[in-house]
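Peer 1: Sending over a structure as structure tokens; questions will come in a sec.
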Amino acid sequence: MSSVHAHGLGVSLPPEFEGRIFIRSRVAGERPFPVAHFATFPLPDGVGDFGGGAVNLMRPTDIFAVLFEYGPESLGTALFARSGMVRSLSTDDFRPTVLRRGLGGQSGTQWFFTEGGRPFTFYAVLGSHARRSTLVPRVNALLDGITVAAGAGAGGGSIPWN
Amino acid sequence: MVALVIILAVVVTLLAVLVAGLLRSHADILKALHDVGAGVGDPALDGVRAGHDHTGPGSTSGPLTIGPPLPAERDSVSAPTLAGVTPEGDARAIAVGNGDQLTLIAFLSSGCSTCANFWDAFARPEQLDLPDGVRPVVVTKGPELEIAGELRGRARVPVIMSTEAWGDYEVPGSPFFVLVDGRSGRRIGEGVANQFSQVADLVRRARVDAAGSRSDTGGPGPDPDPDSALDGPARELANDRVLRDAGILPGDASLYPRSLDDVFGPGAGRA
């Protein structure tokens, strides 16, 4: 099992998963935060934050997942009220209507939460909703290997609290 | 006279300490050799015999290997996931066995002069002239041995810094190339080259070989049969059989190339 760590995020990847943890370059006054992509297929370069350019490459047996961090201004808001990342999903948590990009046959799930004083969303896509009973346990194995360090924030520096 | 005796006694004592230290050092070395599997005898059973009775009953001998094994000495074709950091400080893991594609792993260093050609080639991936379905990845040693700043922007293909990957793939030095079949998750080719055109040619040949292997086993498509990826002695026997069928018998001159020209053809050995 391979492990990677960067920007206060870490993951022990289950078999066949690959991934990357990165921070996009700053554009204008934007302050980017860490993004992690995980997939059971070769991740191309230039994938959008939520899988644009990748989900269209998925086979029915594939999984794509994103862990996306938001800025500290999101802390304390109702959307991120859940404490701690979801660690176990059921097949009922995935729905064809929960997709950023609705591709036929796929289904997805999205969770907003706060962990380690950092606001996140976890978004996962299954290549085939019909195969969710075999794919969801693999998503859970991925979730089980994700670690979040407290308050690392963008660029590994401290988050300026208001 | 008394002073001379005292001095001699001190000198003898110092020499005794020195000899004892040397003997202790010798024992430590023998123990270390045992730990790496190259020792003689079993210190757990007979610590005195080790190093003194190399031919006696019960003694064993083993090969002493320094550095990664050479290609001919390997018995592994496994291809573990490449995981490390990027020169930009991000994390990256590439699973080479999760698709239908081939992955060309280039083990390069920032400092080696031969690698410069390949860094230049990977800076223009659209001109690599690789067959479709081949995913190039550059792997350097980790940040503890390479300076990330010197690698930043040198390639427009994924670059992973991981010393562990060099060990996993038994890389003898740089540049070194490994071709992995994504379907079987196994290495189907590896070696060195002076120019990227030679690497591209080797990749094309590997694809043809893989297609031939596939058709030999009755399988469809150009991808190699995962079950045909042999290991260890079985792989060696299969290689011998293929060579024998091709009329290449033990002692054949083609098995002992003396220059790169013998391997790649006239002119190819000149970088």
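To be explicit about the labels: the chains of the structure tokens are called A, B, and onward in the order shown, and within each one the residues are counted from 1, while ligands get numbers from 1 in the order they are shown.
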For chain B, which residues have at least one atom within 12 Å of chain A, if we go by only C-alpha atoms? Write them as a VMD selection string, please.

Peer 2: chain B and resid 79 to 103 133 to 137 156 to 162 164 to 165 168 182 to 185

Peer 1: Restricted to C-alpha atoms, what would the selected residues look like written as a PDB file, in the first residue's frame?

Peer 2:
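Okay, out.pdb is ready:
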```pdb
ATOM      1  CA  ALA B  79       5.700  -3.058 -10.760  1.00  0.00           C
ATOM      2  CA  PRO B  80       4.619  -1.321  -7.554  1.00  0.00           C
ATOM      3  CA  THR B  81       2.896   2.034  -7.430  1.00  0.00           C
ATOM      4  CA  LEU B  82       5.183   5.040  -7.827  1.00  0.00           C
ATOM      5  CA  ALA B  83       4.659   7.345  -4.878  1.00  0.00           C
ATOM      6  CA  GLY B  84       6.504  10.438  -3.769  1.00  0.00           C
ATOM      7  CA  VAL B  85       6.527  14.185  -4.037  1.00  0.00           C
ATOM      8  CA  THR B  86       6.719  16.412  -7.066  1.00  0.00           C
ATOM      9  CA  PRO B  87       9.362  19.109  -7.564  1.00  0.00           C
ATOM     10  CA  GLU B  88       6.610  21.631  -6.798  1.00  0.00           C
ATOM     11  CA  GLY B  89       6.097  20.124  -3.339  1.00  0.00           C
ATOM     12  CA  ASP B  90       2.844  18.317  -4.090  1.00  0.00           C
ATOM     13  CA  ALA B  91       2.259  14.620  -3.513  1.00  0.00           C
ATOM     14  CA  ARG B  92       1.780  12.213  -6.383  1.00  0.00           C
ATOM     15  CA  ALA B  93       1.141   8.500  -6.666  1.00  0.00           C
ATOM     16  CA  ILE B  94       0.850   6.731 -10.001  1.00  0.00           C
ATOM     17  CA  ALA B  95      -0.499   3.208 -10.123  1.00  0.00           C
ATOM     18  CA  VAL B  96       1.041   1.575 -13.166  1.00  0.00           C
ATOM     19  CA  GLY B  97      -1.270  -1.433 -13.081  1.00  0.00           C
ATOM     20  CA  ASN B  98      -4.698   0.191 -13.171  1.00  0.00           C
ATOM     21  CA  GLY B  99      -5.444   0.498 -16.857  1.00  0.00           C
ATOM     22  CA  ASP B 100      -4.945  -0.767 -20.355  1.00  0.00           C
ATOM     23  CA  GLN B 101      -2.049   1.582 -21.023  1.00  0.00           C
ATOM     24  CA  LEU B 102       1.679   1.035 -20.954  1.00  0.00           C
ATOM     25  CA  THR B 103       3.688   3.181 -18.538  1.00  0.00           C
ATOM     26  CA  GLY B 133      -1.463   4.479 -25.049  1.00  0.00           C
ATOM     27  CA  VAL B 134       1.964   4.955 -23.511  1.00  0.00           C
ATOM     28  CA  ARG B 135       2.138   7.107 -20.389  1.00  0.00           C
ATOM     29  CA  PRO B 136       5.600   8.583 -19.689  1.00  0.00           C
ATOM     30  CA  VAL B 137       6.610   9.248 -16.080  1.00  0.00           C
ATOM     31  CA  ARG B 156       6.102  18.433 -18.965  1.00  0.00           C
ATOM     32  CA  VAL B 157       5.263  14.890 -17.989  1.00  0.00           C
ATOM     33  CA  PRO B 158       4.596  13.749 -14.415  1.00  0.00           C
ATOM     34  CA  VAL B 159       7.772  13.885 -12.300  1.00  0.00           C
ATOM     35  CA  ILE B 160       7.895  11.969  -9.024  1.00  0.00           C
ATOM     36  CA  MET B 161      10.743  12.242  -6.547  1.00  0.00           C
ATOM     37  CA  SER B 162      11.061   8.911  -4.755  1.00  0.00           C
ATOM     38  CA  GLU B 164      11.975   4.182  -2.636  1.00  0.00           C
ATOM     39  CA  ALA B 165      10.855   3.695  -6.238  1.00  0.00           C
ATOM     40  CA  ASP B 168      11.462  -1.076  -5.781  1.00  0.00           C
ATOM     41  CA  GLY B 182      -1.001  -1.778 -17.124  1.00  0.00           C
ATOM     42  CA  ARG B 183      -3.204  -4.787 -17.668  1.00  0.00           C
ATOM     43  CA  SER B 184      -0.885  -7.299 -16.042  1.00  0.00           C
ATOM     44  CA  GLY B 185       0.787  -4.764 -13.723  1.00  0.00           C
TER      45      GLY B 185
END
```

Peer 1: If DSSP is run on the backbone, what residues of region 44-132 of chain A are strand (DSSP E or B)? A reply as a list in words would be ideal.

Peer 2: Ile63, Phe64, Ala65, Val66, Leu67, Phe68, Glu69, Ser83, Arg95, Ser107, Gly108, Thr109, Gln110, Trp111, Phe112, Phe113, Thr114, Glu115, Arg118, Pro119, Phe120, Thr121, Phe122, Tyr123, Ala124, Val125 and Leu126 of chain A

Peer 1: Please measure the separation of CA of Val98 (chain A) and CA of Ser133 (chain A), giving the value in Å to one decimal.

Peer 2: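 Between CA of Val98 (chain A) and CA of Ser133 (chain A) the gap works out to 17.2 Å.
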
Peer 1: Do a neighbour search on Phe107 (chain B) at 12 Å with only C-alpha atoms, toss out local chain neighbours closer than 3 positions, and write the hits as JSON, numbers by chain.

Peer 2: {"B": [82, 104, 110, 112, 114, 115, 118, 119, 136, 137, 138, 139, 140, 141, 142, 159, 160, 161, 162, 163, 164, 165, 166, 167, 168, 169, 170, 171, 172, 173, 174, 175, 176, 177, 178, 179, 190, 191, 192, 193]}

Peer 1: I need the residue nearest Gly102 (chain A) from this list: A:Ile146, A:Arg138, A:Pro14, A:Gly52. Use only C-alpha atoms for the distance.

Peer 2: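 Of A:Ile146, A:Arg138, A:Pro14, A:Gly52, the one nearest Gly102 (chain A) is A:Gly52, counting only C-alpha atoms.
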
Peer 1: Which residues come within 12 Å of Pro60 (chain A), counting only C-alpha atoms, excluding same-chain residues fewer than 4 positions away, as a list in words?

Peer 2: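 Returned residues: Thr40, Phe41, Val55, Asn56, Phe64, Leu103, Gly104, Gly105, Gln106, Ser107, Val125, Leu126, Gly127, Ser128, His129, Ala130, Arg131, Arg132, Thr134 and Leu135 of chain A.
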
Peer 1: Output N, CA and C atoms of each residue in that selection to a file, as a JSON list (two decimals), in the first residue's frame.

Peer 2:
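As written to disk, out-v6.json reads:
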```json
[["chain", "number", "residue", "atom", "x", "y", "z"],
["A", 40, "THR", "N", -9.03, 5.18, -9.73],
["A", 40, "THR", "CA", -8.59, 3.82, -10.04],
["A", 40, "THR", "C", -8.22, 3.68, -11.51],
["A", 41, "PHE", "N", -8.02, 4.81, -12.15],
["A", 41, "PHE", "CA", -7.61, 4.83, -13.55],
["A", 41, "PHE", "C", -6.56, 5.92, -13.71],
["A", 55, "VAL", "N", -13.69, 12.29, -15.18],
["A", 55, "VAL", "CA", -14.85, 11.40, -15.03],
["A", 55, "VAL", "C", -15.33, 10.86, -16.37],
["A", 56, "ASN", "N", -15.05, 11.58, -17.43],
["A", 56, "ASN", "CA", -15.46, 11.10, -18.75],
["A", 56, "ASN", "C", -14.57, 9.96, -19.23],
["A", 64, "PHE", "N", -13.65, 7.64, -8.88],
["A", 64, "PHE", "CA", -12.94, 8.92, -8.82],
["A", 64, "PHE", "C", -13.39, 9.63, -7.55],
["A", 103, "LEU", "N", -23.06, 12.09, -16.18],
["A", 103, "LEU", "CA", -22.74, 11.13, -17.23],
["A", 103, "LEU", "C", -23.56, 9.86, -17.00],
["A", 104, "GLY", "N", -24.11, 9.35, -18.07],
["A", 104, "GLY", "CA", -25.00, 8.20, -17.98],
["A", 104, "GLY", "C", -24.38, 7.02, -17.29],
["A", 105, "GLY", "N", -25.12, 6.44, -16.35],
["A", 105, "GLY", "CA", -24.65, 5.23, -15.66],
["A", 105, "GLY", "C", -23.87, 5.51, -14.39],
["A", 106, "GLN", "N", -23.31, 6.72, -14.26],
["A", 106, "GLN", "CA", -22.50, 7.02, -13.08],
["A", 106, "GLN", "C", -23.39, 7.49, -11.93],
["A", 107, "SER", "N", -22.80, 7.47, -10.74],
["A", 107, "SER", "CA", -23.49, 8.05, -9.59],
["A", 107, "SER", "C", -22.45, 8.64, -8.65],
["A", 125, "VAL", "N", -17.26, 9.63, -7.22],
["A", 125, "VAL", "CA", -18.05, 9.21, -8.38],
["A", 125, "VAL", "C", -17.78, 7.73, -8.64],
["A", 126, "LEU", "N", -18.86, 6.98, -8.87],
["A", 126, "LEU", "CA", -18.74, 5.59, -9.26],
["A", 126, "LEU", "C", -18.92, 5.48, -10.77],
["A", 127, "GLY", "N", -18.12, 4.66, -11.40],
["A", 127, "GLY", "CA", -18.24, 4.50, -12.86],
["A", 127, "GLY", "C", -19.54, 3.87, -13.27],
["A", 128, "SER", "N", -20.13, 3.10, -12.39],
["A", 128, "SER", "CA", -21.41, 2.46, -12.71],
["A", 128, "SER", "C", -22.25, 2.37, -11.44],
["A", 129, "HIS", "N", -23.39, 3.01, -11.47],
["A", 129, "HIS", "CA", -24.29, 2.94, -10.31],
["A", 129, "HIS", "C", -24.75, 1.50, -10.09],
["A", 130, "ALA", "N", -24.88, 0.75, -11.19],
["A", 130, "ALA", "CA", -25.34, -0.64, -11.08],
["A", 130, "ALA", "C", -24.33, -1.51, -10.32],
["A", 131, "ARG", "N", -23.09, -1.10, -10.32],
["A", 131, "ARG", "CA", -22.05, -1.89, -9.64],
["A", 131, "ARG", "C", -21.69, -1.31, -8.28],
["A", 132, "ARG", "N", -22.54, -0.50, -7.73],
["A", 132, "ARG", "CA", -22.20, 0.20, -6.48],
["A", 132, "ARG", "C", -21.91, -0.76, -5.33],
["A", 134, "THR", "N", -20.15, -3.36, -5.32],
["A", 134, "THR", "CA", -18.73, -3.75, -5.32],
["A", 134, "THR", "C", -17.81, -2.54, -5.26],
["A", 135, "LEU", "N", -18.29, -1.39, -5.71],
["A", 135, "LEU", "CA", -17.43, -0.20, -5.74],
["A", 135, "LEU", "C", -17.40, 0.56, -4.40]]
```

Peer 1: Give me the residues near Ala116 (chain B) as a CSV table (one decimal) with N, CA and C atoms, in the first residue's frame, where near means some atom within 10 Å (using only C-alpha atoms) and where sequence neighbours in that chain fewer than 5 positions away do not count.

Peer 2:
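Contents of out35.csv, freshly written:
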```
chain,number,residue,atom,x,y,z
B,108,LEU,N,15.7,9.2,-13.9
B,108,LEU,CA,16.7,10.2,-14.3
B,108,LEU,C,17.2,10.9,-13.1
B,109,SER,N,18.4,11.5,-13.3
B,109,SER,CA,19.0,12.4,-12.3
B,109,SER,C,19.1,13.8,-12.8
B,110,SER,N,19.2,14.7,-11.9
B,110,SER,CA,19.4,16.1,-12.4
B,110,SER,C,20.8,16.3,-12.9
B,111,GLY,N,21.8,15.6,-12.3
B,111,GLY,CA,23.2,15.9,-12.6
B,111,GLY,C,23.8,15.0,-13.7
B,121,ALA,N,14.0,15.9,-23.9
B,121,ALA,CA,12.9,15.2,-24.6
B,121,ALA,C,11.6,15.3,-23.9
B,122,PHE,N,11.6,15.2,-22.5
B,122,PHE,CA,10.4,15.2,-21.8
B,122,PHE,C,9.9,16.6,-21.6
B,154,ARG,N,11.5,21.2,-15.6
B,154,ARG,CA,12.3,20.5,-16.6
B,154,ARG,C,11.6,19.5,-17.5
B,175,PRO,N,20.7,7.1,-16.8
B,175,PRO,CA,19.3,6.9,-17.1
B,175,PRO,C,18.9,5.4,-17.1
B,195,GLN,N,19.7,7.9,-26.4
B,195,GLN,CA,18.8,8.9,-27.0
B,195,GLN,C,17.4,8.4,-26.8
```

Peer 1: Using backbone DSSP assignments, extract all helix (DSSP H, G or I) residues from chain A; output them as an MDAnalysis selection string.

Peer 2: chainID A and resid 55:57 72:74 78:80 91:93 129:144 154:156

Peer 1: Could you write out that same residue set with N, CA and C atoms as a compact mmCIF listing (two decimals), in the first residue's frame?

Peer 2:
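Final output, result_1.txt:
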```txt
# COMPACT_ATOMS: atom_id res chain seq x y z
N VAL A 55 -13.69 12.29 -15.18
CA VAL A 55 -14.85 11.40 -15.03
C VAL A 55 -15.33 10.86 -16.37
N ASN A 56 -15.05 11.58 -17.43
CA ASN A 56 -15.46 11.10 -18.75
C ASN A 56 -14.57 9.96 -19.23
N LEU A 57 -13.46 9.69 -18.53
CA LEU A 57 -12.56 8.60 -18.89
C LEU A 57 -12.85 7.33 -18.09
N PRO A 72 -10.85 29.42 5.31
CA PRO A 72 -11.29 29.50 6.72
C PRO A 72 -12.57 30.30 6.90
N GLU A 73 -12.95 31.10 5.91
CA GLU A 73 -14.21 31.84 6.04
C GLU A 73 -15.41 30.90 6.07
N SER A 74 -15.19 29.66 5.63
CA SER A 74 -16.30 28.69 5.64
C SER A 74 -16.50 28.04 6.99
N ALA A 78 -23.20 26.70 8.36
CA ALA A 78 -24.08 25.52 8.48
C ALA A 78 -23.65 24.40 7.54
N LEU A 79 -23.15 24.75 6.37
CA LEU A 79 -22.78 23.73 5.39
C LEU A 79 -21.68 22.81 5.91
N PHE A 80 -20.80 23.36 6.72
CA PHE A 80 -19.65 22.58 7.22
C PHE A 80 -19.84 22.19 8.70
N THR A 91 -24.28 1.97 0.00
CA THR A 91 -24.68 2.06 -1.41
C THR A 91 -25.80 3.09 -1.58
N ASP A 92 -26.59 3.28 -0.54
CA ASP A 92 -27.69 4.25 -0.63
C ASP A 92 -27.20 5.69 -0.66
N ASP A 93 -25.94 5.89 -0.28
CA ASP A 93 -25.40 7.25 -0.27
C ASP A 93 -25.07 7.74 -1.68
N HIS A 129 -23.39 3.01 -11.47
CA HIS A 129 -24.29 2.94 -10.31
C HIS A 129 -24.75 1.50 -10.09
N ALA A 130 -24.88 0.75 -11.19
CA ALA A 130 -25.34 -0.64 -11.08
C ALA A 130 -24.33 -1.51 -10.32
N ARG A 131 -23.09 -1.10 -10.32
CA ARG A 131 -22.05 -1.89 -9.64
C ARG A 131 -21.69 -1.31 -8.28
N ARG A 132 -22.54 -0.50 -7.73
CA ARG A 132 -22.20 0.20 -6.48
C ARG A 132 -21.91 -0.76 -5.33
N SER A 133 -22.51 -1.93 -5.36
CA SER A 133 -22.27 -2.86 -4.23
C SER A 133 -20.82 -3.33 -4.18
N THR A 134 -20.15 -3.36 -5.32
CA THR A 134 -18.73 -3.75 -5.32
C THR A 134 -17.81 -2.54 -5.26
N LEU A 135 -18.29 -1.39 -5.71
CA LEU A 135 -17.43 -0.20 -5.74
C LEU A 135 -17.40 0.56 -4.40
N VAL A 136 -18.52 0.60 -3.71
CA VAL A 136 -18.58 1.39 -2.47
C VAL A 136 -17.58 0.88 -1.42
N PRO A 137 -17.42 -0.45 -1.24
CA PRO A 137 -16.39 -0.88 -0.28
C PRO A 137 -14.99 -0.37 -0.62
N ARG A 138 -14.72 -0.19 -1.90
CA ARG A 138 -13.40 0.33 -2.28
C ARG A 138 -13.30 1.82 -1.93
N VAL A 139 -14.41 2.53 -2.07
CA VAL A 139 -14.42 3.94 -1.63
C VAL A 139 -14.17 4.01 -0.12
N ASN A 140 -14.81 3.10 0.60
CA ASN A 140 -14.61 3.09 2.06
C ASN A 140 -13.16 2.77 2.44
N ALA A 141 -12.54 1.89 1.66
CA ALA A 141 -11.12 1.59 1.92
C ALA A 141 -10.27 2.84 1.70
N LEU A 142 -10.62 3.62 0.69
CA LEU A 142 -9.90 4.88 0.45
C LEU A 142 -10.12 5.83 1.62
N LEU A 143 -11.37 6.00 2.02
CA LEU A 143 -11.68 6.91 3.13
C LEU A 143 -10.94 6.52 4.39
N ASP A 144 -10.82 5.23 4.60
CA ASP A 144 -10.15 4.74 5.80
C ASP A 144 -8.68 5.15 5.85
N ALA A 154 -3.39 26.30 3.34
CA ALA A 154 -2.79 26.50 2.04
C ALA A 154 -1.29 26.65 2.14
N GLY A 155 -0.59 26.02 1.25
CA GLY A 155 0.85 26.15 1.16
C GLY A 155 1.58 25.67 2.39
N GLY A 156 0.89 24.91 3.22
CA GLY A 156 1.53 24.38 4.42
C GLY A 156 1.67 25.43 5.51
```

Peer 1: Using only C-alpha atoms, which protein or nucleic acid residues come within 8 Å of region 128-132 of chain B? Drop anything in the same chain fewer than 3 positions from it, and give the result as an MDAnalysis selection string.

Peer 2: chainID B and resid 121:122 124:125 196:197 200 203:204

Peer 1: Would you mind telling me which residue in A:Thr114, A:Thr109, A:Thr97, A:Ser12 lies nearest to Ala65 (chain A) when using only C-alpha atoms?

Peer 2: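 Among the listed residues, A:Thr109 lies closest to Ala65 (chain A).
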
Peer 1: Near Thr121 (chain A), counting only C-alpha atoms, which residues have an atom at most 6 Å away, once you skip same-chain residues fewer than 3 positions from it, shown as a VMD selection string?

Peer 2: chain A and resid 67 to 68 111 to 112

Peer 1: So, counting only C-alpha atoms, which residue among A:Phe50, A:Phe122, A:Phe33, A:Tyr70 is closest to Arg87 (chain A)?

Peer 2: A:Phe122
